$ cat target_23.txt   # compact mmCIF, C-alpha atoms and all ligand atoms
# COMPACT_ATOMS: atom_id res chain seq x y z
CA MET N 130 0.00 0.00 0.00
CA ALA N 131 1.28 3.45 -0.85
CA HIS N 132 2.39 5.43 2.15
CA ARG N 133 0.62 8.69 1.50
CA GLN N 134 1.14 11.67 3.79
CA PHE N 135 -2.31 12.74 4.94
CA PHE N 136 -3.51 16.25 4.20
CA VAL N 137 -5.88 18.51 6.13
CA GLY N 138 -6.96 21.86 4.76
CA GLY N 139 -8.88 24.52 6.63
CA ASN N 140 -11.05 26.55 4.28
CA TRP N 141 -11.95 29.68 6.20
CA LYS N 142 -14.05 31.01 3.30
CA SER N 143 -15.08 34.64 3.68
CA ASN N 144 -14.88 34.54 7.48
CA GLY N 145 -12.86 36.26 10.12
CA THR N 146 -11.31 39.45 11.33
CA GLN N 147 -7.68 40.06 12.16
CA ALA N 148 -8.60 39.50 15.81
CA SER N 149 -10.38 36.19 15.19
CA VAL N 150 -7.62 34.95 12.88
CA ARG N 151 -5.05 35.74 15.55
CA GLU N 152 -7.08 33.96 18.21
CA LEU N 153 -7.59 30.87 16.07
CA ILE N 154 -3.91 30.65 15.21
CA GLU N 155 -2.60 31.33 18.70
CA GLN N 156 -5.13 29.24 20.59
CA VAL N 157 -5.96 26.38 18.24
CA LEU N 158 -3.48 25.95 15.39
CA ASN N 159 -0.08 26.75 16.81
CA PRO N 160 -0.56 24.70 20.01
CA THR N 161 -1.67 21.58 18.08
CA GLN N 162 0.97 18.89 18.51
CA ILE N 163 0.94 16.47 15.61
CA ASP N 164 3.60 14.94 13.38
CA PHE N 165 3.61 17.16 10.32
CA ALA N 166 5.49 14.50 8.37
CA ARG N 167 2.33 12.40 8.72
CA VAL N 168 -0.23 15.17 8.23
CA GLN N 169 0.32 18.16 5.99
CA VAL N 170 -1.71 21.11 7.25
CA VAL N 171 -2.74 24.03 5.05
CA VAL N 172 -5.14 26.82 5.99
CA ALA N 173 -6.86 29.20 3.59
CA PRO N 174 -7.82 32.62 4.95
CA VAL N 175 -9.39 35.41 2.86
CA SER N 176 -6.83 36.95 0.55
CA ILE N 177 -6.37 40.12 2.59
CA HIS N 178 -5.46 37.98 5.62
CA LEU N 179 -2.95 35.76 3.81
CA GLN N 180 0.15 37.63 4.89
CA PHE N 181 -1.16 38.29 8.38
CA ALA N 182 -1.94 34.60 8.91
CA ARG N 183 1.47 33.61 7.51
CA SER N 184 3.22 35.93 9.93
CA LEU N 185 1.50 34.36 12.94
CA LEU N 186 1.45 30.66 12.01
CA LYS N 187 4.20 28.26 12.92
CA PRO N 188 6.27 27.31 9.88
CA GLU N 189 4.99 23.70 9.74
CA ILE N 190 1.54 24.98 8.76
CA SER N 191 1.15 26.28 5.21
CA VAL N 192 -1.12 29.04 3.97
CA SER N 193 -3.27 28.78 0.85
CA ALA N 194 -5.30 31.17 -1.24
CA GLN N 195 -8.95 30.21 -1.78
CA ASN N 196 -8.96 30.97 -5.49
CA CYS N 197 -6.76 32.51 -8.10
CA SER N 198 -7.31 34.31 -11.31
CA LEU N 199 -7.50 32.86 -14.79
CA THR N 200 -5.43 35.86 -15.81
CA GLY N 201 -2.04 37.25 -14.93
CA PRO N 202 -1.57 40.57 -13.16
CA GLY N 203 -3.23 43.50 -14.96
CA ALA N 204 -6.51 45.29 -15.44
CA PHE N 205 -8.72 42.64 -13.78
CA THR N 206 -10.46 44.37 -10.89
CA GLY N 207 -10.89 42.20 -7.83
CA GLU N 208 -8.78 39.30 -9.07
CA VAL N 209 -5.66 37.84 -7.45
CA ALA N 210 -3.13 36.28 -9.82
CA ALA N 211 -1.00 33.20 -9.16
CA GLU N 212 2.10 35.38 -9.53
CA GLN N 213 0.92 37.51 -6.60
CA ILE N 214 0.35 34.50 -4.37
CA ILE N 215 3.84 33.23 -5.20
CA ASP N 216 5.19 36.72 -4.55
CA LEU N 217 3.88 36.50 -0.96
CA GLY N 218 5.99 33.38 -0.52
CA LEU N 219 2.95 31.08 -0.52
CA SER N 220 2.63 27.90 -2.49
CA TRP N 221 -0.99 26.75 -2.38
CA THR N 222 -4.36 27.66 -3.77
CA ILE N 223 -7.78 26.05 -3.58
CA LEU N 224 -9.50 25.91 -6.97
CA GLY N 225 -12.92 24.79 -8.14
CA HIS N 226 -14.63 24.99 -4.77
CA SER N 227 -18.36 24.39 -5.18
CA GLU N 228 -19.10 27.92 -3.96
CA ARG N 229 -16.97 29.26 -6.83
CA ARG N 230 -18.70 26.92 -9.24
CA THR N 231 -22.29 27.54 -8.14
CA LEU N 232 -22.24 31.14 -6.87
CA TYR N 233 -19.71 32.58 -9.32
CA GLY N 234 -20.34 30.45 -12.38
CA GLU N 235 -16.98 28.69 -12.69
CA THR N 236 -17.37 25.86 -15.17
CA ASP N 237 -15.31 22.66 -15.40
CA ASP N 238 -13.38 24.33 -18.20
CA VAL N 239 -12.62 27.51 -16.24
CA VAL N 240 -11.52 25.46 -13.23
CA SER N 241 -9.27 23.31 -15.41
CA LYS N 242 -7.66 26.38 -16.99
CA LYS N 243 -7.14 27.97 -13.59
CA VAL N 244 -5.47 24.77 -12.35
CA ASN N 245 -3.23 24.78 -15.39
CA ARG N 246 -2.24 28.40 -14.86
CA ALA N 247 -1.66 27.98 -11.12
CA LEU N 248 0.61 24.96 -11.70
CA ALA N 249 2.48 26.77 -14.47
CA HIS N 250 3.34 29.53 -12.01
CA GLY N 251 4.54 27.13 -9.33
CA LEU N 252 1.53 26.81 -7.06
CA SER N 253 0.24 23.56 -5.64
CA VAL N 254 -3.50 23.10 -5.96
CA ILE N 255 -6.32 21.75 -3.83
CA ALA N 256 -8.73 20.90 -6.66
CA CYS N 257 -12.36 20.56 -5.53
CA PHE N 258 -15.28 18.80 -7.16
CA GLY N 259 -18.34 16.79 -6.22
CA GLU N 260 -21.95 16.13 -7.11
CA ASN N 261 -24.99 18.11 -5.97
CA LEU N 262 -28.03 16.65 -4.24
CA GLN N 263 -30.04 16.27 -7.42
CA GLU N 264 -27.21 14.36 -9.05
CA ARG N 265 -26.77 12.09 -6.03
CA GLU N 266 -30.48 11.35 -5.94
CA ALA N 267 -30.46 10.60 -9.66
CA ASN N 268 -27.62 8.09 -9.04
CA VAL N 269 -25.23 9.88 -11.37
CA THR N 270 -22.60 10.75 -8.74
CA LEU N 271 -19.86 8.63 -10.30
CA ASP N 272 -20.55 10.01 -13.79
CA VAL N 273 -20.45 13.59 -12.54
CA VAL N 274 -17.21 12.99 -10.66
CA ALA N 275 -15.66 11.29 -13.70
CA ARG N 276 -16.64 14.27 -15.87
CA GLN N 277 -15.14 16.72 -13.37
CA LEU N 278 -11.95 14.65 -13.11
CA ALA N 279 -11.61 14.46 -16.88
CA ALA N 280 -11.85 18.25 -17.09
CA LEU N 281 -9.29 18.67 -14.31
CA LYS N 282 -6.92 16.23 -16.01
CA GLU N 283 -6.82 18.49 -19.06
CA GLY N 284 -5.29 21.22 -16.92
CA ILE N 285 -2.97 19.15 -14.74
CA THR N 286 0.65 19.09 -15.83
CA ASP N 287 2.12 17.82 -12.54
CA TRP N 288 0.03 15.49 -10.40
CA SER N 289 2.52 15.62 -7.54
CA LYS N 290 1.37 19.20 -6.92
CA VAL N 291 -2.34 18.42 -6.80
CA VAL N 292 -4.55 17.27 -3.94
CA LEU N 293 -8.02 16.14 -5.01
CA ALA N 294 -10.83 17.26 -2.72
CA TYR N 295 -14.05 15.32 -3.13
CA GLU N 296 -16.74 17.56 -1.69
CA PRO N 297 -20.33 16.52 -2.29
CA VAL N 298 -22.21 19.81 -2.57
CA TRP N 299 -25.11 18.53 -0.44
CA ALA N 300 -22.70 17.98 2.45
CA ILE N 301 -21.03 21.39 2.41
CA GLY N 302 -22.08 23.61 5.29
CA THR N 303 -25.22 21.54 5.83
CA GLY N 304 -24.23 19.48 8.85
CA ARG N 305 -25.00 16.43 6.72
CA ASN N 306 -21.70 14.70 6.01
CA ALA N 307 -21.27 11.80 3.61
CA THR N 308 -21.20 8.58 5.59
CA PRO N 309 -17.80 6.88 5.72
CA GLU N 310 -19.16 4.30 3.24
CA GLN N 311 -20.43 6.97 0.84
CA ALA N 312 -17.10 8.79 0.99
CA GLN N 313 -15.11 5.58 0.51
CA GLU N 314 -17.21 4.55 -2.48
CA VAL N 315 -16.44 7.77 -4.34
CA HIS N 316 -12.81 7.95 -3.18
CA ALA N 317 -12.21 4.40 -4.42
CA MET N 318 -13.78 5.31 -7.74
CA ILE N 319 -11.52 8.38 -7.96
CA ARG N 320 -8.44 6.25 -7.33
CA ASN N 321 -9.57 3.74 -9.93
CA TRP N 322 -10.22 6.52 -12.38
CA LEU N 323 -6.69 7.83 -11.84
CA GLY N 324 -5.27 4.35 -12.40
CA THR N 325 -7.15 3.92 -15.64
CA ASN N 326 -6.89 7.45 -17.01
CA VAL N 327 -3.59 8.76 -15.66
CA SER N 328 -1.24 6.11 -14.26
CA ALA N 329 -0.88 3.54 -11.51
CA GLU N 330 1.73 5.72 -9.88
CA VAL N 331 -0.51 8.79 -9.79
CA ALA N 332 -3.35 6.65 -8.42
CA ALA N 333 -1.09 5.37 -5.65
CA HIS N 334 0.40 8.72 -4.67
CA THR N 335 -2.32 11.34 -5.09
CA ARG N 336 -3.99 12.44 -1.88
CA VAL N 337 -7.78 12.27 -2.18
CA ILE N 338 -9.38 14.21 0.66
CA TYR N 339 -12.99 14.52 1.73
CA GLY N 340 -14.86 17.75 2.46
CA GLY N 341 -18.40 18.46 3.61
CA SER N 342 -19.45 18.88 7.24
CA VAL N 343 -16.32 17.27 8.66
CA THR N 344 -16.33 17.72 12.43
CA ASP N 345 -14.55 16.50 15.54
CA GLN N 346 -17.37 13.92 15.79
CA ASN N 347 -17.00 12.25 12.38
CA ALA N 348 -13.34 12.77 11.41
CA ALA N 349 -12.03 9.57 13.01
CA GLN N 350 -14.53 7.34 11.18
CA LEU N 351 -14.01 9.08 7.86
CA ILE N 352 -10.22 8.93 8.01
CA ALA N 353 -10.39 5.21 8.77
CA GLN N 354 -11.59 4.59 5.20
CA PRO N 355 -8.74 3.24 3.05
CA ASP N 356 -9.02 5.83 0.28
CA VAL N 357 -9.65 8.89 2.45
CA ASP N 358 -6.33 10.71 2.85
CA GLY N 359 -7.53 13.70 4.83
CA PHE N 360 -10.01 16.52 4.76
CA LEU N 361 -10.95 19.93 3.54
CA VAL N 362 -12.73 21.45 6.52
CA GLY N 363 -14.90 24.55 6.41
CA GLY N 364 -16.94 25.52 9.47
CA ALA N 365 -15.09 23.30 11.94
CA SER N 366 -11.71 24.72 10.85
CA LEU N 367 -12.71 27.99 12.53
CA LYS N 368 -13.15 26.31 15.91
CA PRO N 369 -11.23 24.30 18.51
CA ALA N 370 -12.78 21.23 16.80
CA PHE N 371 -10.09 21.65 14.13
CA LYS N 372 -7.45 20.54 16.64
CA VAL N 373 -9.42 17.35 17.30
CA ILE N 374 -9.71 16.70 13.55
CA LEU N 375 -5.96 17.16 13.09
CA GLU N 376 -5.20 14.87 16.02
CA ALA N 377 -7.61 12.17 14.79
CA THR N 378 -6.00 12.29 11.34
CA ASN N 379 -2.54 12.05 12.85
CA ALA N 380 -3.60 9.18 15.11
CA HIS N 381 -4.94 7.18 12.20
CA HIS N 382 -1.77 7.69 10.16
CA LEU N 383 0.28 6.55 13.14
CA ALA N 384 -1.91 3.46 13.59
CA GLN N 385 -1.72 2.60 9.91
CA PHE N 386 1.99 3.30 9.46
CA PRO N 387 3.62 2.89 12.89
P1 LIG B 401 -17.94 22.63 5.66
O1 LIG B 401 -17.25 23.18 4.34
O2 LIG B 401 -16.89 21.83 6.39
O3 LIG B 401 -18.36 23.85 6.41
O4 LIG B 401 -19.08 21.77 5.23
C1 LIG B 401 -16.34 22.38 3.61
C2 LIG B 401 -15.86 23.13 2.40
O5 LIG B 401 -16.63 23.90 1.83
O6 LIG B 401 -14.68 22.97 2.00
$ encode --input "target_23.txt" --output "structure tokens" --more "lines below"
Ligand code: PGA
Amino acid sequence: MAHRQFFVGGNWKSNGTQASVRELIEQVLNPTQIDFARVQVVVAPVSIHLQFARSLLKPEISVSAQNCSLTGPGAFTGEVAAEQIIDLGLSWTILGHSERRTLYGETDDVVSKKVNRALAHGLSVIACFGENLQEREANVTLDVVARQLAALKEGITDWSKVVLAYEPVWAIGTGRNATPEQAQEVHAMIRNWLGTNVSAEVAAHTRVIYGGSVTDQNAAQLIAQPDVDGFLVGGASLKPAFKVILEATNAHHLAQFP
């Protein structure tokens, strides 16, 4: 079995003030004692807090943007370019989050092009995708995920710099997480898809993380699934629960790979 480093991202979305970011970092994140060789930890504050968060966080924890522009620097009001994220000394961005897709109209093609551009400029990418409730109820989850993966693949030039975040839209911010079995079913399909459509090596090494109402209550069961390599956490990443999620992820890695 491949020995994948687990990965936990905290997606802070459009939340927080300088005071709350400081409190979260000083009281929850920095005191968390885990083995960062087992669990890579990356948090994504709003863009105007990126530098502030970086200055307060311990070096083992990385900072990610939540999005980046399809364009380079220039006359694109409100956009942040990959070059500018790199210029801050940061190396991660989230792309394709369902809120970007549904609220801001980002299509599979736009997400794929953004991934391509981010990688070309040296960023690593947390690439998000997942089915909505209607699609799950129509039993087309695996088709939707395969379509989203195929679009992402078009943009991916270096799989070692990509973490795949499976985030069923119906589970995001709803308090209704996928069950461990539901998550495992899709994660296994994703790994199979990678094996068939990319390579056995990429299938073995790519981290496939789950997002959607991950909490301190369900993290241990979800991480126990063989194809779940970590989480992208929204609401709970703003709370002390995040420490519990990180510790549960670390504990499972330690149990699996003593
Ligand atoms: P949630 O968000 O944990 O609040 O459901 C997850 C996400 O949107 O990445």
$ residues_around --input "target_23.txt" --residues "range 266-270 of chain N" --least-positions-apart "5" --cutoff "12 Å" --atoms "only C-alpha atoms" --output "list in words"
Phe258, Gly259, Glu260, Asn261, Ala275, Arg276, Gln277, Tyr295, Glu296, Pro297, Val298, Trp299, Gln311, Ala312, Glu314, Val315, His316, Met318 and Ile319 of chain N
$ residues_around --input "target_23.txt" --residues "range 140-149 of chain N" --least-positions-apart "4" --cutoff "8 Å" --atoms "all atoms listed in the file" --output "PDB file with C-alpha atoms, in the coordinates of the input"
ATOM      1  CA  LEU N 153      -7.590  30.870  16.070  1.00  0.00           C
ATOM      2  CA  VAL N 172      -5.140  26.820   5.990  1.00  0.00           C
ATOM      3  CA  ALA N 173      -6.860  29.200   3.590  1.00  0.00           C
ATOM      4  CA  PRO N 174      -7.820  32.620   4.950  1.00  0.00           C
ATOM      5  CA  VAL N 175      -9.390  35.410   2.860  1.00  0.00           C
ATOM      6  CA  HIS N 178      -5.460  37.980   5.620  1.00  0.00           C
ATOM      7  CA  PHE N 181      -1.160  38.290   8.380  1.00  0.00           C
ATOM      8  CA  GLN N 195      -8.950  30.210  -1.780  1.00  0.00           C
ATOM      9  CA  LEU N 361     -10.950  19.930   3.540  1.00  0.00           C
ATOM     10  CA  VAL N 362     -12.730  21.450   6.520  1.00  0.00           C
ATOM     11  CA  GLY N 363     -14.900  24.550   6.410  1.00  0.00           C
ATOM     12  CA  GLY N 364     -16.940  25.520   9.470  1.00  0.00           C
ATOM     13  CA  SER N 366     -11.710  24.720  10.850  1.00  0.00           C
ATOM     14  CA  LEU N 367     -12.710  27.990  12.530  1.00  0.00           C
TER      15      LEU N 367
END
$ axis_aligned_box --input "target_23.txt" --around "ligand LIG 401 (chain B)" --padding-each-side "5 Å" --output "AutoDock Vina command-line options"
--center_x -16.9 --center_y 22.8 --center_z 4.1 --size_x 14.4 --size_y 12.1 --size_z 14.6
$ closest_atom_pairs --input "target_23.txt" --of "range 232-321 of chain N" --to "range 329-345 of chain N" --cutoff "6 Å" --atoms "only C-alpha atoms" --output "JSON lines"
{"residue": "N:Val292", "atom": "CA", "partner": "N:Arg336", "partner_atom": "CA", "distance": 5.3}
{"residue": "N:Leu293", "atom": "CA", "partner": "N:Val337", "partner_atom": "CA", "distance": 4.8}
{"residue": "N:Ala294", "atom": "CA", "partner": "N:Ile338", "partner_atom": "CA", "distance": 4.8}
{"residue": "N:Tyr295", "atom": "CA", "partner": "N:Tyr339", "partner_atom": "CA", "distance": 5.0}
{"residue": "N:Glu296", "atom": "CA", "partner": "N:Gly340", "partner_atom": "CA", "distance": 4.6}
{"residue": "N:Ala300", "atom": "CA", "partner": "N:Gly341", "partner_atom": "CA", "distance": 4.5}
{"residue": "N:Ile301", "atom": "CA", "partner": "N:Gly341", "partner_atom": "CA", "distance": 4.1}
{"residue": "N:Gly302", "atom": "CA", "partner": "N:Ser342", "partner_atom": "CA", "distance": 5.8}
{"residue": "N:Gly304", "atom": "CA", "partner": "N:Ser342", "partner_atom": "CA", "distance": 5.1}
{"residue": "N:Asn306", "atom": "CA", "partner": "N:Ser342", "partner_atom": "CA", "distance": 4.9}
{"residue": "N:Arg320", "atom": "CA", "partner": "N:Ala332", "partner_atom": "CA", "distance": 5.2}
$ write_last_selection --input "target_23.txt" --atoms "C-alpha atoms" --output "mmCIF file, in the coordinates of the input"
data_model
loop_
_atom_site.group_PDB
_atom_site.id
_atom_site.type_symbol
_atom_site.label_atom_id
_atom_site.label_comp_id
_atom_site.auth_asym_id
_atom_site.auth_seq_id
_atom_site.Cartn_x
_atom_site.Cartn_y
_atom_site.Cartn_z
ATOM 1 C CA VAL N 292 -4.550 17.270 -3.940
ATOM 2 C CA LEU N 293 -8.020 16.140 -5.010
ATOM 3 C CA ALA N 294 -10.830 17.260 -2.720
ATOM 4 C CA TYR N 295 -14.050 15.320 -3.130
ATOM 5 C CA GLU N 296 -16.740 17.560 -1.690
ATOM 6 C CA ALA N 300 -22.700 17.980 2.450
ATOM 7 C CA ILE N 301 -21.030 21.390 2.410
ATOM 8 C CA GLY N 302 -22.080 23.610 5.290
ATOM 9 C CA GLY N 304 -24.230 19.480 8.850
ATOM 10 C CA ASN N 306 -21.700 14.700 6.010
ATOM 11 C CA ARG N 320 -8.440 6.250 -7.330
#
$ atom_distance --input "target_23.txt" --atom1 "CA of Ala182 in chain N" --atom2 "CA of Ala210 in chain N"
18.8 Å
$ atom_distance --input "target_23.txt" --atom1 "CA of Arg230 in chain N" --atom2 "CA of Ser176 in chain N"
18.4 Å
$ atom_distance --input "target_23.txt" --atom1 "CA of Val157 in chain N" --atom2 "CA of Ala370 in chain N"
8.7 Å
$ decode --input "target_23.txt" --residues "range 245-274 of chain N" --atoms "N, CA and C atoms" --output "PDB file, in the first residue's frame"
ATOM      1  N   ASN N 245      -4.376  24.787 -14.502  1.00  0.00           N
ATOM      2  CA  ASN N 245      -3.225  24.785 -15.391  1.00  0.00           C
ATOM      3  C   ASN N 245      -2.344  26.002 -15.166  1.00  0.00           C
ATOM      4  N   ARG N 246      -2.995  27.159 -15.038  1.00  0.00           N
ATOM      5  CA  ARG N 246      -2.240  28.402 -14.865  1.00  0.00           C
ATOM      6  C   ARG N 246      -1.535  28.431 -13.506  1.00  0.00           C
ATOM      7  N   ALA N 247      -2.251  27.990 -12.464  1.00  0.00           N
ATOM      8  CA  ALA N 247      -1.665  27.979 -11.115  1.00  0.00           C
ATOM      9  C   ALA N 247      -0.429  27.079 -11.092  1.00  0.00           C
ATOM     10  N   LEU N 248      -0.533  25.894 -11.676  1.00  0.00           N
ATOM     11  CA  LEU N 248       0.606  24.964 -11.702  1.00  0.00           C
ATOM     12  C   LEU N 248       1.757  25.557 -12.508  1.00  0.00           C
ATOM     13  N   ALA N 249       1.430  26.196 -13.608  1.00  0.00           N
ATOM     14  CA  ALA N 249       2.478  26.772 -14.472  1.00  0.00           C
ATOM     15  C   ALA N 249       3.279  27.834 -13.728  1.00  0.00           C
ATOM     16  N   HIS N 250       2.637  28.474 -12.749  1.00  0.00           N
ATOM     17  CA  HIS N 250       3.339  29.525 -12.009  1.00  0.00           C
ATOM     18  C   HIS N 250       3.912  29.019 -10.700  1.00  0.00           C
ATOM     19  N   GLY N 251       3.839  27.721 -10.475  1.00  0.00           N
ATOM     20  CA  GLY N 251       4.539  27.134  -9.326  1.00  0.00           C
ATOM     21  C   GLY N 251       3.687  26.890  -8.103  1.00  0.00           C
ATOM     22  N   LEU N 252       2.384  27.095  -8.217  1.00  0.00           N
ATOM     23  CA  LEU N 252       1.527  26.811  -7.063  1.00  0.00           C
ATOM     24  C   LEU N 252       1.155  25.335  -7.020  1.00  0.00           C
ATOM     25  N   SER N 253       0.901  24.846  -5.816  1.00  0.00           N
ATOM     26  CA  SER N 253       0.243  23.555  -5.639  1.00  0.00           C
ATOM     27  C   SER N 253      -1.243  23.837  -5.489  1.00  0.00           C
ATOM     28  N   VAL N 254      -2.061  22.850  -5.847  1.00  0.00           N
ATOM     29  CA  VAL N 254      -3.498  23.104  -5.964  1.00  0.00           C
ATOM     30  C   VAL N 254      -4.318  22.084  -5.184  1.00  0.00           C
ATOM     31  N   ILE N 255      -5.274  22.589  -4.418  1.00  0.00           N
ATOM     32  CA  ILE N 255      -6.316  21.748  -3.831  1.00  0.00           C
ATOM     33  C   ILE N 255      -7.497  21.866  -4.800  1.00  0.00           C
ATOM     34  N   ALA N 256      -7.714  20.842  -5.606  1.00  0.00           N
ATOM     35  CA  ALA N 256      -8.731  20.902  -6.663  1.00  0.00           C
ATOM     36  C   ALA N 256     -10.014  20.242  -6.168  1.00  0.00           C
ATOM     37  N   CYS N 257     -11.101  21.034  -6.134  1.00  0.00           N
ATOM     38  CA  CYS N 257     -12.359  20.564  -5.534  1.00  0.00           C
ATOM     39  C   CYS N 257     -13.402  20.219  -6.591  1.00  0.00           C
ATOM     40  N   PHE N 258     -14.191  19.229  -6.268  1.00  0.00           N
ATOM     41  CA  PHE N 258     -15.275  18.797  -7.161  1.00  0.00           C
ATOM     42  C   PHE N 258     -16.220  17.930  -6.347  1.00  0.00           C
ATOM     43  N   GLY N 259     -17.378  17.645  -6.915  1.00  0.00           N
ATOM     44  CA  GLY N 259     -18.344  16.791  -6.220  1.00  0.00           C
ATOM     45  C   GLY N 259     -19.731  17.027  -6.780  1.00  0.00           C
ATOM     46  N   GLU N 260     -20.595  16.066  -6.557  1.00  0.00           N
ATOM     47  CA  GLU N 260     -21.945  16.128  -7.108  1.00  0.00           C
ATOM     48  C   GLU N 260     -22.882  16.938  -6.211  1.00  0.00           C
ATOM     49  N   ASN N 261     -23.975  17.446  -6.799  1.00  0.00           N
ATOM     50  CA  ASN N 261     -24.989  18.109  -5.974  1.00  0.00           C
ATOM     51  C   ASN N 261     -26.073  17.097  -5.568  1.00  0.00           C
ATOM     52  N   LEU N 262     -27.012  17.566  -4.793  1.00  0.00           N
ATOM     53  CA  LEU N 262     -28.033  16.654  -4.240  1.00  0.00           C
ATOM     54  C   LEU N 262     -28.855  15.987  -5.334  1.00  0.00           C
ATOM     55  N   GLN N 263     -29.236  16.801  -6.319  1.00  0.00           N
ATOM     56  CA  GLN N 263     -30.040  16.271  -7.421  1.00  0.00           C
ATOM     57  C   GLN N 263     -29.300  15.148  -8.144  1.00  0.00           C
ATOM     58  N   GLU N 264     -28.018  15.372  -8.349  1.00  0.00           N
ATOM     59  CA  GLU N 264     -27.208  14.361  -9.050  1.00  0.00           C
ATOM     60  C   GLU N 264     -27.063  13.098  -8.208  1.00  0.00           C
ATOM     61  N   ARG N 265     -26.868  13.278  -6.892  1.00  0.00           N
ATOM     62  CA  ARG N 265     -26.766  12.085  -6.035  1.00  0.00           C
ATOM     63  C   ARG N 265     -28.078  11.304  -6.069  1.00  0.00           C
ATOM     64  N   GLU N 266     -29.184  12.041  -5.966  1.00  0.00           N
ATOM     65  CA  GLU N 266     -30.480  11.346  -5.937  1.00  0.00           C
ATOM     66  C   GLU N 266     -30.799  10.676  -7.270  1.00  0.00           C
ATOM     67  N   ALA N 267     -30.246  11.223  -8.341  1.00  0.00           N
ATOM     68  CA  ALA N 267     -30.459  10.602  -9.659  1.00  0.00           C
ATOM     69  C   ALA N 267     -29.445   9.483  -9.925  1.00  0.00           C
ATOM     70  N   ASN N 268     -28.628   9.165  -8.907  1.00  0.00           N
ATOM     71  CA  ASN N 268     -27.622   8.092  -9.042  1.00  0.00           C
ATOM     72  C   ASN N 268     -26.607   8.332 -10.147  1.00  0.00           C
ATOM     73  N   VAL N 269     -26.242   9.606 -10.348  1.00  0.00           N
ATOM     74  CA  VAL N 269     -25.232   9.878 -11.373  1.00  0.00           C
ATOM     75  C   VAL N 269     -23.941  10.433 -10.754  1.00  0.00           C
ATOM     76  N   THR N 270     -23.785  10.232  -9.437  1.00  0.00           N
ATOM     77  CA  THR N 270     -22.605  10.751  -8.743  1.00  0.00           C
ATOM     78  C   THR N 270     -21.297  10.355  -9.444  1.00  0.00           C
ATOM     79  N   LEU N 271     -21.143   9.076  -9.745  1.00  0.00           N
ATOM     80  CA  LEU N 271     -19.860   8.629 -10.296  1.00  0.00           C
ATOM     81  C   LEU N 271     -19.625   9.199 -11.700  1.00  0.00           C
ATOM     82  N   ASP N 272     -20.697   9.394 -12.456  1.00  0.00           N
ATOM     83  CA  ASP N 272     -20.548  10.012 -13.787  1.00  0.00           C
ATOM     84  C   ASP N 272     -20.134  11.469 -13.670  1.00  0.00           C
ATOM     85  N   VAL N 273     -20.772  12.164 -12.719  1.00  0.00           N
ATOM     86  CA  VAL N 273     -20.453  13.590 -12.539  1.00  0.00           C
ATOM     87  C   VAL N 273     -19.002  13.740 -12.102  1.00  0.00           C
ATOM     88  N   VAL N 274     -18.588  12.912 -11.158  1.00  0.00           N
ATOM     89  CA  VAL N 274     -17.210  12.994 -10.660  1.00  0.00           C
ATOM     90  C   VAL N 274     -16.222  12.646 -11.782  1.00  0.00           C
TER      91      VAL N 274
END
